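**Q** Structure file coords_32.cif (mmCIF, C-alpha atoms and all ligand atoms) is given on the next line.
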data_input
loop_
_atom_site.label_atom_id
_atom_site.label_comp_id
_atom_site.auth_asym_id
_atom_site.auth_seq_id
_atom_site.Cartn_x
_atom_site.Cartn_y
_atom_site.Cartn_z
CA MET P 406 27.48 17.37 -13.98
CA ASP P 407 27.36 13.55 -13.95
CA HIS P 408 27.38 11.74 -17.27
CA VAL P 409 25.85 8.37 -18.21
CA ASP P 410 25.50 6.59 -21.55
CA GLY P 411 21.72 6.70 -21.53
CA LEU P 412 18.67 7.92 -19.63
CA VAL P 413 15.23 6.34 -19.72
CA VAL P 414 12.28 8.37 -18.42
CA GLY P 415 9.71 6.19 -16.61
CA ALA P 416 10.15 2.98 -14.64
CA GLY P 417 7.02 1.19 -15.80
CA VAL P 418 7.30 -2.17 -17.50
CA ILE P 419 8.26 -0.48 -20.78
CA GLY P 420 11.01 1.77 -19.40
CA LEU P 421 12.43 -1.08 -17.31
CA ALA P 422 12.48 -3.46 -20.29
CA ILE P 423 14.24 -0.83 -22.43
CA ALA P 424 16.77 0.03 -19.71
CA ARG P 425 17.52 -3.68 -19.19
CA GLN P 426 17.98 -4.22 -22.93
CA MET P 427 20.44 -1.34 -23.22
CA ALA P 428 22.31 -2.27 -20.02
CA LEU P 429 22.75 -5.85 -21.27
CA ALA P 430 24.19 -4.33 -24.45
CA GLY P 431 26.92 -2.76 -22.33
CA GLN P 432 25.47 0.73 -21.79
CA GLU P 433 25.48 2.56 -18.47
CA VAL P 434 21.79 3.34 -17.97
CA VAL P 435 19.84 5.34 -15.41
CA VAL P 436 16.02 5.29 -15.29
CA LEU P 437 14.41 8.48 -13.98
CA GLU P 438 11.16 7.72 -12.14
CA SER P 439 9.04 10.48 -10.62
CA ALA P 440 7.25 8.16 -8.16
CA ASP P 441 8.87 6.71 -5.05
CA ARG P 442 9.22 3.23 -6.59
CA HIS P 443 9.01 1.51 -9.95
CA GLY P 444 5.78 0.37 -11.56
CA THR P 445 3.16 2.43 -9.73
CA GLY P 446 1.60 3.72 -12.98
CA THR P 447 -0.38 1.85 -15.63
CA SER P 448 1.94 -1.13 -15.25
CA SER P 449 0.26 -1.96 -11.94
CA ARG P 450 -3.26 -1.19 -13.22
CA ASN P 451 -3.93 -3.69 -15.97
CA SER P 452 -5.25 -7.21 -16.53
CA GLY P 453 -1.86 -8.92 -16.48
CA VAL P 454 -2.78 -10.88 -19.60
CA ILE P 455 -0.14 -12.24 -21.95
CA HIS P 456 -2.04 -11.67 -25.17
CA ALA P 457 -1.71 -14.05 -28.08
CA GLY P 458 -1.98 -11.29 -30.73
CA LEU P 459 -5.44 -12.00 -32.15
CA TYR P 460 -7.10 -8.66 -32.61
CA TYR P 461 -4.64 -6.16 -34.02
CA PRO P 462 -4.58 -5.13 -37.69
CA SER P 463 -2.06 -7.26 -39.53
CA GLY P 464 1.20 -5.46 -40.22
CA SER P 465 0.66 -3.13 -37.26
CA LEU P 466 3.32 -2.72 -34.59
CA LYS P 467 0.76 -3.96 -32.04
CA ALA P 468 0.35 -7.22 -33.96
CA GLN P 469 4.05 -7.69 -34.65
CA TRP P 470 5.33 -6.83 -31.17
CA CYS P 471 2.53 -8.68 -29.39
CA VAL P 472 3.35 -11.96 -31.13
CA GLU P 473 7.12 -11.50 -30.79
CA GLY P 474 6.80 -10.13 -27.23
CA ARG P 475 4.56 -12.96 -26.09
CA GLN P 476 7.15 -15.55 -27.06
CA LEU P 477 9.96 -13.54 -25.47
CA LEU P 478 7.90 -13.00 -22.32
CA TYR P 479 7.10 -16.70 -21.82
CA GLU P 480 10.79 -17.54 -22.26
CA TYR P 481 11.86 -14.75 -19.92
CA ALA P 482 9.25 -15.60 -17.27
CA HIS P 483 10.32 -19.22 -17.41
CA SER P 484 14.06 -18.52 -17.13
CA HIS P 485 13.73 -15.78 -14.46
CA GLN P 486 11.13 -17.42 -12.19
CA VAL P 487 8.58 -14.70 -12.98
CA VAL P 488 5.17 -15.80 -11.70
CA HIS P 489 3.00 -16.61 -14.73
CA ALA P 490 0.56 -19.21 -16.04
CA ASN P 491 -0.28 -20.24 -19.59
CA LEU P 492 -4.02 -20.69 -18.89
CA GLY P 493 -5.42 -20.18 -22.38
CA LYS P 494 -8.57 -18.25 -23.18
CA LEU P 495 -11.95 -18.74 -24.78
CA ILE P 496 -13.56 -16.09 -26.97
CA VAL P 497 -17.19 -16.99 -26.64
CA GLY P 498 -20.23 -16.25 -28.75
CA GLN P 499 -23.81 -17.12 -29.57
CA SER P 500 -24.86 -18.16 -33.08
CA GLN P 501 -25.17 -14.50 -34.23
CA ASP P 502 -21.50 -13.93 -33.30
CA GLU P 503 -20.13 -16.45 -35.77
CA GLU P 504 -19.09 -13.80 -38.30
CA ALA P 505 -17.25 -11.77 -35.63
CA LEU P 506 -15.47 -14.90 -34.41
CA ARG P 507 -14.46 -15.82 -37.96
CA ALA P 508 -13.05 -12.30 -38.42
CA ILE P 509 -10.93 -12.75 -35.27
CA GLU P 510 -9.71 -16.10 -36.51
CA GLN P 511 -8.72 -14.58 -39.85
CA LYS P 512 -6.95 -11.63 -38.24
CA ALA P 513 -5.11 -13.96 -35.88
CA ARG P 514 -3.92 -16.08 -38.78
CA ALA P 515 -2.72 -12.99 -40.65
CA ASN P 516 -0.75 -12.08 -37.51
CA GLY P 517 0.94 -15.48 -37.45
CA VAL P 518 -1.21 -16.95 -34.65
CA GLU P 519 -2.00 -20.43 -35.95
CA ASP P 520 -3.09 -22.23 -32.79
CA LEU P 521 -6.74 -21.12 -32.49
CA ARG P 522 -9.27 -23.93 -32.32
CA TRP P 523 -13.06 -23.82 -32.85
CA LEU P 524 -15.17 -25.38 -30.11
CA ASN P 525 -18.85 -26.26 -30.44
CA ARG P 526 -21.34 -26.03 -27.60
CA GLN P 527 -20.48 -29.46 -26.25
CA GLN P 528 -16.72 -28.96 -26.42
CA VAL P 529 -17.10 -25.63 -24.61
CA ALA P 530 -19.21 -27.31 -21.92
CA GLU P 531 -16.53 -29.95 -21.41
CA LEU P 532 -13.88 -27.28 -20.78
CA GLU P 533 -15.96 -24.69 -18.92
CA PRO P 534 -19.33 -26.08 -17.79
CA ALA P 535 -20.57 -22.76 -16.34
CA LEU P 536 -20.62 -21.11 -19.79
CA ALA P 537 -23.86 -20.84 -21.77
CA VAL P 538 -22.66 -20.18 -25.32
CA THR P 539 -23.05 -21.93 -28.63
CA GLN P 540 -19.42 -21.72 -29.77
CA ALA P 541 -15.98 -20.43 -28.88
CA LEU P 542 -12.48 -19.93 -30.17
CA HIS P 543 -9.83 -21.43 -27.92
CA SER P 544 -6.51 -19.57 -27.73
CA PRO P 545 -4.04 -21.86 -25.95
CA SER P 546 -1.15 -19.38 -26.05
CA THR P 547 -2.89 -16.68 -23.97
CA GLY P 548 -1.71 -16.50 -20.36
CA ILE P 549 -1.26 -14.33 -17.30
CA VAL P 550 1.78 -12.82 -15.63
CA ASP P 551 2.36 -11.21 -12.26
CA VAL P 552 3.48 -7.77 -13.40
CA HIS P 553 5.31 -6.95 -10.15
CA SER P 554 7.26 -10.16 -10.33
CA LEU P 555 8.15 -9.26 -13.95
CA MET P 556 9.20 -5.70 -13.09
CA ASN P 557 11.34 -6.91 -10.17
CA ALA P 558 13.11 -9.32 -12.52
CA LEU P 559 13.68 -6.61 -15.15
CA GLU P 560 15.05 -4.21 -12.55
CA GLY P 561 17.23 -7.01 -11.14
CA ASP P 562 18.79 -7.59 -14.57
CA LEU P 563 19.29 -3.85 -14.99
CA THR P 564 21.10 -3.41 -11.67
CA ASP P 565 23.17 -6.59 -12.21
CA ALA P 566 24.36 -5.02 -15.46
CA GLY P 567 25.40 -1.83 -13.63
CA GLY P 568 22.30 0.31 -14.26
CA MET P 569 19.89 1.84 -11.75
CA VAL P 570 16.43 3.28 -11.21
CA ALA P 571 16.54 6.76 -9.64
CA VAL P 572 13.20 7.15 -7.87
CA LEU P 573 11.66 10.50 -6.92
CA SER P 574 13.45 11.91 -9.97
CA ARG P 575 11.15 13.77 -12.33
CA LEU P 576 12.32 14.99 -15.72
CA VAL P 577 11.38 18.65 -16.09
CA ALA P 578 13.50 19.68 -19.09
CA ALA P 579 15.95 18.34 -21.65
CA GLU P 580 17.95 19.85 -24.47
CA GLN P 581 20.55 18.68 -26.92
CA GLY P 582 23.87 20.46 -27.33
CA PRO P 583 25.66 20.97 -30.67
CA SER P 584 27.75 17.83 -30.07
CA GLY P 585 24.56 15.77 -29.73
CA LEU P 586 24.93 15.34 -25.96
CA TRP P 587 21.71 15.56 -23.94
CA THR P 588 21.42 17.69 -20.81
CA VAL P 589 18.50 16.63 -18.66
CA ARG P 590 17.15 18.52 -15.69
CA ALA P 591 15.26 16.56 -13.05
CA GLU P 592 13.53 17.47 -9.80
CA VAL P 593 14.80 15.09 -7.16
CA GLY P 594 13.16 14.30 -3.84
CA GLU P 595 9.68 14.54 -2.31
CA PRO P 596 7.52 17.03 -4.28
CA ARG P 597 7.62 19.95 -1.83
CA GLN P 598 11.27 19.51 -0.87
CA ALA P 599 12.67 18.64 -4.29
CA SER P 600 15.96 20.04 -5.49
CA GLU P 601 17.13 20.24 -9.09
CA MET P 602 19.82 18.07 -10.60
CA SER P 603 21.35 17.98 -14.09
CA LEU P 604 22.70 14.94 -15.89
CA SER P 605 24.21 14.51 -19.32
CA ALA P 606 23.69 11.49 -21.55
CA ASN P 607 24.40 10.29 -25.08
CA TRP P 608 20.85 9.10 -25.56
CA LEU P 609 17.41 9.65 -24.05
CA VAL P 610 14.28 7.50 -24.15
CA ASN P 611 10.85 8.86 -23.21
CA ALA P 612 8.82 5.94 -21.78
CA ALA P 613 6.67 8.06 -19.47
CA GLY P 614 3.39 6.23 -20.24
CA LEU P 615 0.40 8.51 -19.62
CA ASP P 616 2.77 11.49 -19.39
CA ALA P 617 4.78 10.75 -22.53
CA ASP P 618 3.29 13.72 -24.40
CA ALA P 619 3.88 16.13 -21.48
CA VAL P 620 7.48 14.90 -21.14
CA ALA P 621 7.97 15.25 -24.90
CA TRP P 622 6.98 18.92 -24.71
CA ARG P 623 9.86 19.44 -22.24
CA ILE P 624 12.41 17.95 -24.66
CA GLN P 625 13.55 20.82 -26.85
CA GLY P 626 13.92 20.34 -30.59
CA PRO P 627 12.17 19.38 -33.83
CA ALA P 628 10.79 16.11 -32.38
CA GLN P 629 8.10 18.28 -30.78
CA ARG P 630 6.46 18.62 -34.20
CA LEU P 631 5.44 14.96 -34.04
CA ILE P 632 3.92 14.82 -30.54
CA PRO P 633 0.43 13.34 -30.86
CA GLN P 634 -2.59 14.71 -29.00
CA THR P 635 -3.28 12.30 -26.15
CA TYR P 636 -6.68 11.22 -24.79
CA PHE P 637 -7.29 9.21 -21.65
CA ALA P 638 -9.69 6.26 -21.56
CA LYS P 639 -10.29 4.76 -18.14
CA GLY P 640 -10.86 1.04 -17.79
CA ASN P 641 -12.85 -0.01 -14.71
CA TYR P 642 -12.85 -3.50 -13.23
CA ALA P 643 -15.45 -5.28 -11.11
CA SER P 644 -14.04 -7.91 -8.79
CA LEU P 645 -15.79 -11.19 -8.11
CA SER P 646 -16.00 -12.38 -4.52
CA GLY P 647 -15.32 -16.07 -4.01
CA ARG P 648 -13.93 -18.48 -6.57
CA ALA P 649 -14.77 -18.15 -10.25
CA PRO P 650 -16.02 -21.39 -11.84
CA PHE P 651 -13.56 -20.98 -14.72
CA SER P 652 -9.98 -22.07 -15.26
CA ARG P 653 -9.38 -20.08 -18.44
CA LEU P 654 -9.80 -16.41 -19.35
CA ILE P 655 -13.24 -15.79 -20.91
CA TYR P 656 -13.78 -13.04 -23.50
CA PRO P 657 -16.88 -12.11 -25.49
CA VAL P 658 -16.42 -10.76 -29.04
CA PRO P 659 -14.80 -7.27 -28.90
CA VAL P 660 -16.74 -3.98 -28.72
CA PRO P 661 -15.60 -0.61 -30.18
CA GLY P 662 -12.69 0.79 -28.08
CA GLY P 663 -12.17 -2.35 -25.99
CA LEU P 664 -12.31 -6.10 -25.78
CA GLY P 665 -15.79 -6.37 -24.20
CA THR P 666 -16.49 -7.27 -20.58
CA HIS P 667 -14.23 -10.23 -20.06
CA LEU P 668 -13.13 -12.37 -17.15
CA THR P 669 -9.48 -12.38 -16.19
CA LEU P 670 -7.91 -14.48 -13.51
CA ASP P 671 -4.84 -13.28 -11.66
CA THR P 672 -1.87 -15.29 -10.48
CA GLY P 673 -3.12 -14.93 -6.88
CA GLY P 674 -6.34 -16.81 -7.70
CA GLY P 675 -8.61 -13.73 -7.86
CA ALA P 676 -11.08 -13.04 -10.67
CA GLN P 677 -12.23 -9.76 -12.15
CA PHE P 678 -14.39 -8.51 -14.99
CA GLY P 679 -13.39 -5.67 -17.25
CA PRO P 680 -11.89 -3.33 -18.11
CA ASP P 681 -14.73 -1.33 -19.64
CA VAL P 682 -14.16 1.90 -21.58
CA GLU P 683 -14.87 5.25 -19.86
CA TRP P 684 -13.66 7.97 -22.21
CA LEU P 685 -12.06 10.83 -20.22
CA GLY P 686 -11.18 12.95 -23.25
CA ALA P 687 -8.24 15.02 -24.48
CA VAL P 688 -5.54 15.98 -21.98
CA ASP P 689 -3.60 19.24 -21.83
CA PRO P 690 -0.17 18.57 -23.36
CA ARG P 691 1.33 21.45 -21.34
CA ARG P 692 0.48 19.86 -17.98
CA ASP P 693 3.26 19.16 -15.50
CA PRO P 694 5.12 16.07 -16.74
CA GLY P 695 4.63 13.31 -14.19
CA SER P 696 1.41 14.76 -12.77
CA SER P 697 -1.18 12.55 -14.48
CA HIS P 698 -1.48 9.71 -11.99
CA ALA P 699 -2.09 12.07 -9.07
CA SER P 700 -4.84 13.87 -11.00
CA ILE P 701 -6.80 10.78 -12.07
CA ASP P 702 -9.70 9.54 -9.98
CA TYR P 703 -9.09 5.77 -10.04
CA ARG P 704 -12.17 4.92 -7.95
CA VAL P 705 -14.69 2.61 -9.61
CA ASP P 706 -18.27 3.83 -9.42
CA GLU P 707 -20.64 1.26 -7.91
CA SER P 708 -23.30 2.24 -10.49
CA ARG P 709 -21.21 0.47 -13.18
CA LEU P 710 -21.76 -2.94 -11.64
CA ASP P 711 -25.25 -3.49 -13.10
CA ARG P 712 -23.83 -3.08 -16.59
CA PHE P 713 -21.01 -5.54 -15.83
CA ALA P 714 -23.56 -8.06 -14.53
CA GLN P 715 -25.81 -7.70 -17.61
CA ASP P 716 -22.88 -8.17 -19.99
CA VAL P 717 -21.47 -11.17 -18.17
CA GLN P 718 -24.82 -12.89 -17.66
CA ARG P 719 -25.05 -13.21 -21.47
CA TRP P 720 -22.38 -15.90 -21.29
CA TRP P 721 -22.46 -16.84 -17.58
CA PRO P 722 -26.15 -16.78 -16.59
CA GLY P 723 -25.27 -18.21 -13.18
CA LEU P 724 -23.51 -15.01 -12.08
CA ASP P 725 -25.04 -13.67 -8.89
CA ARG P 726 -24.91 -9.84 -9.10
CA SER P 727 -24.27 -9.54 -5.35
CA ARG P 728 -20.86 -11.18 -5.85
CA LEU P 729 -19.63 -8.14 -7.82
CA GLN P 730 -17.76 -5.30 -6.13
CA PRO P 731 -16.01 -2.22 -7.45
CA GLY P 732 -12.45 -3.29 -8.26
CA TYR P 733 -9.47 -1.26 -9.45
CA SER P 734 -9.04 0.79 -12.63
CA GLY P 735 -6.35 1.82 -15.08
CA VAL P 736 -6.09 4.47 -17.77
CA ARG P 737 -5.11 3.96 -21.41
CA PRO P 738 -3.09 6.67 -23.18
CA LYS P 739 -4.96 6.89 -26.49
CA ILE P 740 -3.51 8.82 -29.41
CA ALA P 741 -6.62 8.77 -31.59
CA PRO P 742 -9.96 10.40 -30.74
CA LEU P 743 -12.95 8.29 -29.72
CA GLU P 744 -14.58 8.35 -33.15
CA ALA P 745 -11.38 7.35 -35.02
CA PRO P 746 -10.12 3.79 -35.50
CA ALA P 747 -7.75 2.63 -32.73
CA ALA P 748 -4.22 3.95 -33.28
CA ASP P 749 -1.11 1.80 -33.44
CA PHE P 750 1.80 2.15 -31.00
CA LEU P 751 3.86 5.20 -31.96
CA VAL P 752 7.61 4.86 -31.43
CA LEU P 753 9.61 7.74 -32.90
CA GLY P 754 13.36 7.62 -33.35
CA PRO P 755 16.03 9.75 -35.04
CA ARG P 756 14.92 8.71 -38.54
CA ASP P 757 11.45 10.08 -37.81
CA HIS P 758 12.26 13.39 -36.12
CA GLY P 759 15.93 13.96 -36.94
CA GLN P 760 17.18 14.26 -33.36
CA GLU P 761 20.07 11.86 -32.75
CA GLY P 762 19.89 9.71 -29.64
CA LEU P 763 16.19 10.35 -28.89
CA VAL P 764 13.42 7.73 -28.88
CA GLU P 765 9.90 8.54 -27.70
CA LEU P 766 7.01 6.14 -27.14
CA PHE P 767 3.37 7.24 -27.35
CA GLY P 768 0.05 5.42 -27.02
CA ILE P 769 1.53 2.36 -25.30
CA GLU P 770 -1.78 0.86 -24.25
CA SER P 771 -2.61 -2.87 -24.46
CA PRO P 772 -0.80 -5.08 -25.47
CA GLY P 773 2.13 -3.06 -24.08
CA LEU P 774 2.77 -5.43 -21.20
CA THR P 775 2.87 -8.47 -23.50
CA ALA P 776 5.02 -6.59 -26.00
CA CYS P 777 7.49 -5.00 -23.55
CA LEU P 778 10.52 -7.14 -24.46
CA ALA P 779 9.89 -6.75 -28.20
CA ILE P 780 9.45 -2.99 -27.76
CA ALA P 781 12.77 -2.89 -25.90
CA ARG P 782 14.49 -4.59 -28.86
CA ALA P 783 12.91 -2.14 -31.29
CA VAL P 784 14.07 0.84 -29.22
CA GLU P 785 17.63 -0.50 -29.20
CA HIS P 786 17.37 -0.77 -32.97
CA HIS P 787 16.21 2.88 -33.23
CA LEU P 788 19.11 4.02 -31.03
CA ARG P 789 21.69 2.10 -33.05
CA GLY P 790 20.30 3.63 -36.28
C1 LIG P 801 -6.98 -1.07 -18.03
C2 LIG P 801 -5.76 -1.60 -18.74
C3 LIG P 801 -5.61 -2.97 -18.94
C4 LIG P 801 -4.50 -3.45 -19.61
N1 LIG P 801 -4.34 -4.81 -19.74
C5 LIG P 801 -3.25 -5.28 -20.39
C6 LIG P 801 -3.06 -6.67 -20.53
O1 LIG P 801 -3.82 -7.48 -19.98
N2 LIG P 801 -2.01 -7.12 -21.27
C7 LIG P 801 -1.15 -6.25 -21.87
O2 LIG P 801 -0.26 -6.72 -22.59
N3 LIG P 801 -1.27 -4.93 -21.70
C8 LIG P 801 -2.29 -4.42 -20.97
N4 LIG P 801 -2.42 -3.08 -20.78
C9 LIG P 801 -1.37 -2.20 -21.28
C10 LIG P 801 -0.17 -2.12 -20.32
O3 LIG P 801 -0.59 -2.05 -18.98
C11 LIG P 801 0.65 -0.88 -20.67
O4 LIG P 801 0.96 -0.91 -22.05
C12 LIG P 801 1.96 -0.79 -19.90
O5 LIG P 801 1.78 -1.03 -18.54
C13 LIG P 801 2.53 0.60 -20.11
O6 LIG P 801 3.69 0.70 -19.36
P1 LIG P 801 4.52 2.04 -19.36
O7 LIG P 801 5.83 1.68 -18.76
O8 LIG P 801 4.51 2.66 -20.72
O9 LIG P 801 3.67 3.04 -18.46
P2 LIG P 801 3.63 3.22 -16.87
O10 LIG P 801 3.57 1.96 -16.16
O11 LIG P 801 2.54 4.22 -16.57
O12 LIG P 801 5.05 3.87 -16.55
C14 LIG P 801 5.37 5.20 -16.88
C15 LIG P 801 6.18 5.73 -15.73
O13 LIG P 801 6.67 7.01 -16.08
C16 LIG P 801 6.75 7.79 -14.91
N5 LIG P 801 6.84 9.19 -15.28
C17 LIG P 801 5.88 9.97 -15.87
N6 LIG P 801 6.36 11.23 -16.04
C18 LIG P 801 7.64 11.25 -15.58
C19 LIG P 801 8.66 12.25 -15.51
N7 LIG P 801 8.45 13.51 -15.93
N8 LIG P 801 9.86 11.91 -14.96
C20 LIG P 801 10.11 10.63 -14.51
N9 LIG P 801 9.15 9.65 -14.55
C21 LIG P 801 7.95 9.96 -15.10
C22 LIG P 801 5.45 7.41 -14.18
O14 LIG P 801 5.52 7.70 -12.79
C23 LIG P 801 5.36 5.93 -14.47
O15 LIG P 801 5.92 5.14 -13.43
C24 LIG P 801 -3.51 -2.55 -20.10
C25 LIG P 801 -3.66 -1.18 -19.89
C26 LIG P 801 -4.77 -0.71 -19.20
C27 LIG P 801 -4.90 0.77 -18.95
#
Go ahead and express the file in the form of structure tokens.
**A**
Amino acid sequence: MDHVDGLVVGAGVIGLAIARQMALAGQEVVVLESADRHGTGTSSRNSGVIHAGLYYPSGSLKAQWCVEGRQLLYEYAHSHQVVHANLGKLIVGQSQDEEALRAIEQKARANGVEDLRWLNRQQVAELEPALAVTQALHSPSTGIVDVHSLMNALEGDLTDAGGMVAVLSRLVAAEQGPSGLWTVRAEVGEPRQASEMSLSANWLVNAAGLDADAVAWRIQGPAQRLIPQTYFAKGNYASLSGRAPFSRLIYPVPVPGGLGTHLTLDTGGGAQFGPDVEWLGAVDPRRDPGSSHASIDYRVDESRLDRFAQDVQRWWPGLDRSRLQPGYSGVRPKIAPLEAPAADFLVLGPRDHGQEGLVELFGIESPGLTACLAIARAVEHHLRG
């Protein structure tokens, strides 16, 4: 049986960032990825926004890692030629939204984000003439990143440091021997022709995204006591044909479960609205680990477009509904039910569950992309004890 220092399950942006971090620290790392290439899961189905860290409860991991991760990500993107742009964003409102905007400003300040600026109607019109709002908060540190460019750079660093991503390699079981060594069984190869392989490792990180709970149930030991129930919440996008008359990201005040129907621009010059929140409900924790993406219907229903148009026309009355088309969608792994307040990221290490050399990540929804480099540092910290 082959032995490596560490195994990471999942080659999304989170698993790649963790594997890179550990490889740069001198560890021999292999990433197991069930798909045929890296980053085909949630990491390629998001808005690509580098969030400033405005909305999350102060003291939460989301707030802390978003702010730290944003700074790390800008530096990394700059030094590694990752395609990105620091466009800034406006959170827009009418007069009745003033209280909600003030609450965002306060939360942002508590999170250490000090660069927000109030704009009145005229100042908004100078920046973005197509908007019809009475006020806005300007966040200059919000930006966008090309996630594929980022993941290629992370994988490049990993392989340069001697690590690798093993594609078509699906974790099906793991157990820890008395010496603390992990034995991991993986199915390798195309689904119907896969063969089984075993590997041993000193440490194991579960960064399987939507499947993190199902993977966790295949890792024997007391950590299973702490696996949260997972719920899926789909986020649908509507794409805008033609050029958008905006040069910044435009967000309304947030709605329960999401950030409201906002406009994001991508690094290729496209514009989309969304994501909305379509609650898909609780998932079966005993499902096949690695099966979630194949079982999700990612199509965007045309009937959602009217709602997008209504929401957007509140702040961009000039939107012509016929310019909207069904876009793509992504799914958030939620670890709190719909009626409960949004949960924080859940990263469990040996101090939490008592199993040496095991770190598991649950509920890594937004701002996971922004936070990936900060999350990677935190995981290294967990592994070093
Ligand atoms: C609609 C939407 C919009 C978002 N927008 C933003 C945004 O603008 N900014 C931001 O900061 N964040 C955003 N996020 C959050 C961000 O996209 C995620 O936090 C991040 O991509 C999660 O990455 P991941 O690596 O955990 O998951 P994934 O990318 O899903 O990677 C997990 C990987 O694990 C693999 N896997 C699963 N099971 C197994 C197994 N048994 N064996 C081997 N491999 C396995 C999967 O194939 C997959 O490749 C958004 C999320 C959504 C859903």
**Q** Neighbouring residues of Gly431 of chain P were defined as those with any atom within 10 Å, considering only C-alpha atoms; residues of the same chain fewer than 4 positions away were excluded. Please report them as JSON, numbers by chain.
**A** {"P": [410, 425, 426, 427, 566, 567, 568]}
**Q** Please provide as a VMD selection string all residues within 12 Å of Glu503 of chain P, with the sequence filter that same-chain residues fewer than 6 positions apart are discarded (counting all atoms listed in the file).
**A** chain P and resid 496 to 497 509 to 510 523 to 525 538 to 542 657 to 658
**Q** Can I get the selected residues back with C-alpha atoms, as a compact mmCIF listing (two decimals), keeping the file's coordinate frame?
**A**
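Generated output (part-v1.txt):
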# COMPACT_ATOMS: atom_id res chain seq x y z
CA ILE P 496 -13.56 -16.09 -26.97
CA VAL P 497 -17.19 -16.99 -26.64
CA ILE P 509 -10.93 -12.75 -35.27
CA GLU P 510 -9.71 -16.10 -36.51
CA TRP P 523 -13.06 -23.82 -32.85
CA LEU P 524 -15.17 -25.38 -30.11
CA ASN P 525 -18.85 -26.26 -30.44
CA VAL P 538 -22.66 -20.18 -25.32
CA THR P 539 -23.05 -21.93 -28.63
CA GLN P 540 -19.42 -21.72 -29.77
CA ALA P 541 -15.98 -20.43 -28.88
CA LEU P 542 -12.48 -19.93 -30.17
CA PRO P 657 -16.88 -12.11 -25.49
CA VAL P 658 -16.42 -10.76 -29.04
**Q** Ligand LIG 801 (chain P): which residues are within 7 Å, counting only C-alpha atoms and all ligand atoms? Reply as a ChimeraX atom specification.
**A** /P:414-420,437-440,443-456,574-577,612-617,620,639-641,680,694-696,734-737,769-776
**Q** How far is it from atom CA of Leu604 of chain P to atom CA of Asn557 of chain P, in Å with one decimal?
**A**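 These two atoms are separated by 25.3 Å.
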**Q** Report, in Å to a single decimal, how far apart atom CA of Val764 of chain P and atom CA of Leu563 of chain P are.
**A**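 Distance between the two atoms: 19.0 Å.
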**Q** If you measure from atom CA of Leu766 of chain P to atom CA of Asn611 of chain P, what distance in Å do you get, rounded to one decimal?
**A**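 It comes out at 6.1 Å.
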**Q** Determine the nearest neighbour of Thr588 of chain P from the options P:Leu668, P:Leu521, P:Leu412, P:Leu506, counting all atoms listed in the file.
**A**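 Result for the nearest residue to Thr588 of chain P: P:Leu412.
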**Q** Could you list, as a list in words, every residue within 12 Å of Ala747 of chain P, counting all atoms listed in the file and ignoring same-chain residues fewer than 6 positions away?
**A**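 Everything that qualifies: Tyr460, Tyr461, Pro462, Ser465, Lys467, Tyr636, Ala638, Val660, Pro661, Gly662, Gly663, Arg737, Pro738, Lys739, Ile740, Ala741, Gly768, Ile769, Glu770 and Ser771 of chain P.
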**Q** Tell me which of P:Val593, P:Ala457, P:Val688, P:Ala468 sits closest to Ile701 of chain P, counting all atoms listed in the file.
**A**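 Nearest to Ile701 of chain P: P:Val688.
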**Q** Name all residues at most 6 Å from His667 of chain P (count only C-alpha atoms; drop same-chain ones fewer than 6 positions away) and give them as a list of chain:residue names.
**A**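 Contacts, in chain order: P:Ile655, P:Tyr656, P:Phe678, P:Gly679.
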**Q** Using only C-alpha atoms, can you tell me which of P:Leu763, P:Leu743, P:Leu778, P:Ala490 comes closest to Gly790 of chain P?
**A** P:Leu763
**Q** Regenerate segment 476-484 of chain P at the level of N, CA and C atoms and dump it as a PDB file, in the coordinates of the input.
**A**
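As written to disk, selection_5.pdb reads:
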ATOM      1  N   GLN P 476       6.180 -14.436 -27.101  1.00  0.00           N
ATOM      2  CA  GLN P 476       7.150 -15.550 -27.060  1.00  0.00           C
ATOM      3  C   GLN P 476       8.326 -15.203 -26.161  1.00  0.00           C
ATOM      4  N   LEU P 477       8.827 -13.966 -26.308  1.00  0.00           N
ATOM      5  CA  LEU P 477       9.960 -13.540 -25.470  1.00  0.00           C
ATOM      6  C   LEU P 477       9.566 -13.540 -23.995  1.00  0.00           C
ATOM      7  N   LEU P 478       8.332 -13.110 -23.721  1.00  0.00           N
ATOM      8  CA  LEU P 478       7.900 -13.000 -22.320  1.00  0.00           C
ATOM      9  C   LEU P 478       7.762 -14.371 -21.669  1.00  0.00           C
ATOM     10  N   TYR P 479       7.188 -15.338 -22.389  1.00  0.00           N
ATOM     11  CA  TYR P 479       7.100 -16.700 -21.820  1.00  0.00           C
ATOM     12  C   TYR P 479       8.502 -17.231 -21.517  1.00  0.00           C
ATOM     13  N   GLU P 480       9.419 -17.039 -22.478  1.00  0.00           N
ATOM     14  CA  GLU P 480      10.790 -17.540 -22.260  1.00  0.00           C
ATOM     15  C   GLU P 480      11.430 -16.857 -21.063  1.00  0.00           C
ATOM     16  N   TYR P 481      11.246 -15.533 -21.004  1.00  0.00           N
ATOM     17  CA  TYR P 481      11.860 -14.750 -19.920  1.00  0.00           C
ATOM     18  C   TYR P 481      11.256 -15.153 -18.569  1.00  0.00           C
ATOM     19  N   ALA P 482       9.925 -15.260 -18.536  1.00  0.00           N
ATOM     20  CA  ALA P 482       9.250 -15.600 -17.270  1.00  0.00           C
ATOM     21  C   ALA P 482       9.728 -16.972 -16.791  1.00  0.00           C
ATOM     22  N   HIS P 483       9.889 -17.868 -17.744  1.00  0.00           N
ATOM     23  CA  HIS P 483      10.320 -19.220 -17.410  1.00  0.00           C
ATOM     24  C   HIS P 483      11.759 -19.203 -16.846  1.00  0.00           C
ATOM     25  N   SER P 484      12.638 -18.483 -17.528  1.00  0.00           N
ATOM     26  CA  SER P 484      14.060 -18.520 -17.130  1.00  0.00           C
ATOM     27  C   SER P 484      14.344 -17.653 -15.907  1.00  0.00           C
TER      28      SER P 484
END
